[in-house]
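Shown next, in structure tokens, is the structure this report addresses.
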Amino acid sequence: MLKIKAINGVKDILPAEIMYWQKIEKTACDIFRRFGIHEIRLPILEKTELFTRSIGETTDIVEKEMYTFVDKKITMRPEITASLLRAYVEHSLHLQQPVQRLFSIGPVFRHERPQKGRQRQFHQIDVEIIGAHEPQVDAELMAMGQMLFNALSLDVRLEINSLGCPACRPGFRNKLIAYLQACSDSLCDDCKRRTAKNPLRALDCKKQGCKAAVEHAPSILDNLCSACEEHFSAVQQQLDLFEVSYNVNRFMVRGLDYYNRTTFEFLTADLGAQAAVAAGGRYDGLVEQLGGPKKTPGIGFALGMERLFLLMQQQKKQQDQPKGQGGADIFLAALGEQAIRFASPLVHQLRHLGLQAVMDYSNRSLKAQMKQAGRCHADFTLIIGEQEIEQGRGILRNMNTQEQTEFSFNRGAAALAEVIT
RNA sequence: GUGAACGUAGCUCAGCUGGUGGUAGCACCGGGUUGUGGCCUCGGAGGUCGUGGGUUCAAGUCCCAUCGUUCACCCCA
């Protein structure tokens with residue numbers, strides 16, 4: 001029989017690495033709690049229209065990367081923000097509390113060619129603060145992100161930019177297009193295409209020629225309207241108050257249409273071509289665009305869990321290694337059919353008492369069972385053979401000290417539990 | 001969608017200008033210890049060399065195709 005393998009671009013998370021994922025989730029939840037951010041769980045399937053309306057009809061994600069059941073007009077979410085806002089609007093959460101601070105964790109799907117730090121099914125931690133326009137909130141979100149990376153002992157850098165708003169961006173966009181057209185000869189083919197479709201993209205092209213060409217391009221930061229200008233400088237002041245270090249990167253842009261004003265990315269040089277570990281920004285028009293209350297501001301970011309995981313491997317520091325769930329409290333080594341019959345209710349009682357108790361029913365040699373006990377990292381092994389049953393007491397071996405004592409079975413499981421804890 | 005590299009045991013890999021698949025390491029199973037794990041030691045099991053063609057007396061090795069994986073581009077977390 002041909003083995004059935006997982007499809008291209010998806011990965012199993014194996015028991016050997018699950019501790020990293022649990023640590024990431026636990027750390028994130030703990031930090032979110034400190035910021036008063038609450039969990040929301042969302043469906044993976046949404047109406048296709050949710051994403052075409054929010055992310056943008058002509059973005060790459062919508063144009064070619066979504067997994068869609070065309071006949072049903074249903075899509076497997078390519079990001080979480082849209083779903084979260086859909087739920088916010090659908091349940092009128094703004095009526096319960098004007099500012100909603102929410103997070104959600106789960107898989108997202110994009111049909112891209114996989115590479116390092118990029119999968120077709122991957123996992124995001126998504127945080128959104130809806131209903132607050134104050135620049136302090138922008139900074140707080142970034143400070144929280146930094147706190148999370150610090151808690152995981154990860155070294156990343158923060159870059160920020162402002163994309164302006166509907167009042168000032170179109171003007172800048174026109175200036176930029178004019179500039180790009182003027183120096184079109186020194187741009188790569190991709191950037192020539194971008195000039196028409198998404199000129200801002202040309203600003204963060206990786207090619208040397210384009211980098212040089214846009215070096216003197218008009219800067220969005222010189223073209224912000226006064227409100228945006230004020231907002232952006234207030235964000236920076238607040239970051240300073242939170243003692244979060246950052247760099248302003250006027251070349252940073254966004255691939256999703258809904259962003260305005262503040263954008264930010266947490267970046268690393270340790271993941272090959274995938275520099276962004278977390279990215280986000282403000283989306284003040286989006287809630288309204290999804291049918292929510294008018295002029296509801298919002299800001300959020302998404303964090304790529306696979307990238308976080310890879311980074312934890314990459315930047316491994318011995319003292320920060322997450323611990324597994326720990327070994328067994330006790331292994332019951334039963335020798336012979338009679339002993340197995342005797343031991344099985346005992347192991348069950350120990351589990352009722354809350355212990356991790358392990359045995360197997362294969363009736364293998366004591367040596368083999370001891371070996372297995374070692375593999376389970378059992379603290380104790382209780383050896384039960386024909387002799388022991390006859391005499392009414394088993395041999396209790398402390399696996400760490402190698403000391404052995406006898407344990408009378410008639411004392412019961414509770415007494416045994418007490419002896420070994 | 002585009003480009004490149006790579007597919008040998010569960011994992012990591014040797015295998016030279018074509019000449020019998022490796023006492024290889026880790027892991028697994030068993031013995032050394034009549035019933036005691038880790039260390040040691042001896043043994044065992046495990047492979048259609050991704051698949052299909054071709055060249056050749058002879059292909060893991062060379063050629064073609066195909067599938068898969070990886071990395072990069074595009075784009076993005």
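Residue names in the structure tokens use chain letters A, B, ... in the order shown, residue numbers from 1 in each chain, and ligand numbers from 1 in the order shown.
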
Within 6 Å of chain B, which residues of chain A come that close, and what is the closest atom pair and distance in Å for each? Count only C-alpha atoms (C1' of nucleotides) and give it as JSON lines.
```
{"residue": "A:Val277", "atom": "CA", "partner": "B:A77", "partner_atom": "C1'", "distance": 6.0}
{"residue": "A:Ala278", "atom": "CA", "partner": "B:A77", "partner_atom": "C1'", "distance": 5.8}
{"residue": "A:Leu303", "atom": "CA", "partner": "B:A77", "partner_atom": "C1'", "distance": 5.5}
{"residue": "A:Gly304", "atom": "CA", "partner": "B:A77", "partner_atom": "C1'", "distance": 4.0}
{"residue": "A:Met370", "atom": "CA", "partner": "B:G37", "partner_atom": "C1'", "distance": 4.6}
{"residue": "A:Lys371", "atom": "CA", "partner": "B:G37", "partner_atom": "C1'", "distance": 4.3}
{"residue": "A:Gly374", "atom": "CA", "partner": "B:G37", "partner_atom": "C1'", "distance": 5.0}
```

(request) Can you list, as a ChimeraX atom specification, all residues belonging to stretch 68-283 of chain A that DSSP tags as strand (DSSP E or B)? (result) /A:68-69,74-76,100-109,115,118,121-130,157-162,247-248,260-267,276-282

(request) Work out how far apart atom CA of A:Asp138 and atom CA of A:Leu200 are and give it in Å to one decimal. (result)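 Computing it gives 22.1 Å between the two atoms.
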
(request) List every residue of stretch 227-403 of chain A that DSSP, applied to the backbone of this structure, assigns to helix (DSSP H, G or I), and report them as a VMD selection string. (result) chain A and resid 227 to 241 286 to 289 305 to 314 318 to 320 337 to 352 366 to 375 386 to 391

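Within the 12 Å cut-off around B:C73, using only C-alpha atoms (C1' of nucleotides) and omitting residues fewer than 3 positions from it on the same chain, the listed residues are Arg113, Gln115, Asp190, Cys205, Lys206, Lys207 and Ala273 of chain A; G1, U2, G3 and A4 of chain B.
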
Can you spit out the residues from that selection as a compact mmCIF listing (two decimals), in the first residue's frame, using all heavy atoms?
```
# COMPACT_ATOMS: atom_id res chain seq x y z
N ARG A 113 3.37 28.99 -2.45
CA ARG A 113 4.40 27.98 -2.45
C ARG A 113 5.09 28.01 -1.10
O ARG A 113 5.54 29.05 -0.65
CB ARG A 113 5.43 28.27 -3.56
CG ARG A 113 4.94 27.85 -4.94
CD ARG A 113 4.89 26.35 -5.09
NE ARG A 113 6.15 25.82 -5.52
CZ ARG A 113 6.52 25.75 -6.80
NH1 ARG A 113 5.70 26.16 -7.74
NH2 ARG A 113 7.70 25.28 -7.11
N GLN A 115 7.81 27.64 1.84
CA GLN A 115 9.25 27.78 2.00
C GLN A 115 9.53 27.97 3.48
O GLN A 115 8.64 27.77 4.30
CB GLN A 115 9.80 28.94 1.15
CG GLN A 115 9.30 30.30 1.54
CD GLN A 115 9.73 31.36 0.55
OE1 GLN A 115 9.20 31.46 -0.54
NE2 GLN A 115 10.71 32.17 0.92
N ASP A 190 9.27 43.85 -11.86
CA ASP A 190 8.24 43.79 -10.84
C ASP A 190 7.82 45.19 -10.41
O ASP A 190 6.63 45.48 -10.24
CB ASP A 190 8.73 43.00 -9.62
CG ASP A 190 8.65 41.51 -9.86
OD1 ASP A 190 7.73 41.06 -10.56
OD2 ASP A 190 9.53 40.78 -9.36
N CYS A 205 11.03 46.93 -2.25
CA CYS A 205 11.61 45.94 -3.16
C CYS A 205 12.99 45.54 -2.63
O CYS A 205 13.72 46.36 -2.08
CB CYS A 205 11.74 46.51 -4.58
SG CYS A 205 12.37 45.29 -5.77
N LYS A 206 13.32 44.24 -2.82
CA LYS A 206 14.59 43.75 -2.27
C LYS A 206 15.77 44.00 -3.20
O LYS A 206 16.91 43.86 -2.81
CB LYS A 206 14.48 42.23 -2.01
CG LYS A 206 13.61 41.88 -0.82
CD LYS A 206 13.43 40.37 -0.72
CE LYS A 206 12.49 40.02 0.44
NZ LYS A 206 12.10 38.61 0.40
N LYS A 207 15.48 44.32 -4.44
CA LYS A 207 16.57 44.45 -5.42
C LYS A 207 17.37 45.72 -5.20
O LYS A 207 16.81 46.79 -4.93
CB LYS A 207 16.00 44.43 -6.84
CG LYS A 207 15.25 43.14 -7.15
CD LYS A 207 15.35 42.74 -8.60
CE LYS A 207 14.79 41.35 -8.83
NZ LYS A 207 13.35 41.24 -8.43
N ALA A 273 14.36 34.23 4.39
CA ALA A 273 13.69 35.33 3.68
C ALA A 273 12.51 35.88 4.46
O ALA A 273 11.97 36.93 4.13
CB ALA A 273 13.23 34.84 2.31
P G B 1 0.72 26.39 -10.29
OP1 G B 1 -0.63 26.88 -10.04
OP2 G B 1 0.93 25.15 -11.02
O5' G B 1 1.51 27.54 -11.05
C5' G B 1 0.95 28.18 -12.19
C4' G B 1 1.71 29.44 -12.44
O4' G B 1 1.46 30.37 -11.34
C3' G B 1 3.22 29.31 -12.46
O3' G B 1 3.70 28.86 -13.71
C2' G B 1 3.69 30.72 -12.11
O2' G B 1 3.61 31.55 -13.24
C1' G B 1 2.64 31.13 -11.08
N9 G B 1 3.07 30.86 -9.71
C8 G B 1 2.50 29.99 -8.82
N7 G B 1 3.10 29.96 -7.66
C5 G B 1 4.15 30.88 -7.79
C6 G B 1 5.15 31.27 -6.87
O6 G B 1 5.30 30.87 -5.70
N1 G B 1 6.02 32.21 -7.42
C2 G B 1 5.93 32.71 -8.69
N2 G B 1 6.85 33.61 -9.03
N3 G B 1 5.00 32.35 -9.56
C4 G B 1 4.14 31.44 -9.06
P U B 2 4.97 27.88 -13.83
OP1 U B 2 5.09 27.44 -15.23
OP2 U B 2 4.88 26.87 -12.75
O5' U B 2 6.17 28.87 -13.52
C5' U B 2 6.46 29.95 -14.39
C4' U B 2 7.69 30.69 -13.92
O4' U B 2 7.40 31.34 -12.65
C3' U B 2 8.90 29.81 -13.60
O3' U B 2 9.64 29.46 -14.76
C2' U B 2 9.69 30.69 -12.65
O2' U B 2 10.40 31.69 -13.34
C1' U B 2 8.56 31.35 -11.84
N1 U B 2 8.28 30.60 -10.60
C2 U B 2 9.15 30.76 -9.53
O2 U B 2 10.14 31.47 -9.58
N3 U B 2 8.83 30.04 -8.41
C4 U B 2 7.75 29.20 -8.24
O4 U B 2 7.60 28.63 -7.16
C5 U B 2 6.90 29.09 -9.38
C6 U B 2 7.18 29.78 -10.50
P G B 3 10.46 28.09 -14.79
OP1 G B 3 10.98 27.93 -16.16
OP2 G B 3 9.64 27.02 -14.18
O5' G B 3 11.68 28.39 -13.82
C5' G B 3 12.69 29.30 -14.21
C4' G B 3 13.67 29.49 -13.09
O4' G B 3 12.96 29.96 -11.91
C3' G B 3 14.40 28.24 -12.60
O3' G B 3 15.46 27.87 -13.45
C2' G B 3 14.85 28.68 -11.22
O2' G B 3 15.98 29.53 -11.31
C1' G B 3 13.65 29.51 -10.75
N9 G B 3 12.74 28.71 -9.91
C8 G B 3 11.53 28.15 -10.26
N7 G B 3 10.97 27.49 -9.29
C5 G B 3 11.86 27.63 -8.22
C6 G B 3 11.78 27.14 -6.88
O6 G B 3 10.90 26.46 -6.35
N1 G B 3 12.91 27.50 -6.14
C2 G B 3 13.95 28.25 -6.62
N2 G B 3 14.94 28.50 -5.76
N3 G B 3 14.03 28.72 -7.86
C4 G B 3 12.95 28.37 -8.60
P A B 4 15.91 26.32 -13.53
OP1 A B 4 16.87 26.20 -14.64
OP2 A B 4 14.70 25.48 -13.49
O5' A B 4 16.70 26.11 -12.15
C5' A B 4 17.97 26.71 -11.96
C4' A B 4 18.39 26.56 -10.53
O4' A B 4 17.33 27.06 -9.66
C3' A B 4 18.59 25.13 -10.05
O3' A B 4 19.87 24.62 -10.39
C2' A B 4 18.42 25.27 -8.54
O2' A B 4 19.58 25.82 -7.95
C1' A B 4 17.30 26.31 -8.46
N9 A B 4 15.98 25.68 -8.34
C8 A B 4 15.03 25.45 -9.31
N7 A B 4 13.94 24.87 -8.87
C5 A B 4 14.18 24.69 -7.52
C6 A B 4 13.41 24.13 -6.48
N6 A B 4 12.20 23.62 -6.65
N1 A B 4 13.95 24.10 -5.25
C2 A B 4 15.18 24.61 -5.07
N3 A B 4 16.00 25.16 -5.96
C4 A B 4 15.43 25.18 -7.18
```

(request) Choose the residue, out of B:C49, B:G32, B:U20, B:G44, that has the smallest atom-to-atom separation from B:U8; count only C-alpha atoms (C1' of nucleotides). (result) B:C49

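The closest residue to A:Leu241, picked from A:Ala178, A:Ala143, A:Leu308, A:Leu353 and counting only C-alpha atoms, is A:Ala143.
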
(message) Report, in Å with one decimal, the straight-line distance from atom CA of A:His216 to atom CA of A:Gln238.
(response) 29.0 Å

(message) Between A:Phe103, A:Ala414, A:Lys23, A:Leu366, which residue has the minimum interatomic distance to A:His348, considering only C-alpha atoms?
(response)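 Counting only C-alpha atoms, the residue closest to A:His348 is A:Ala414.
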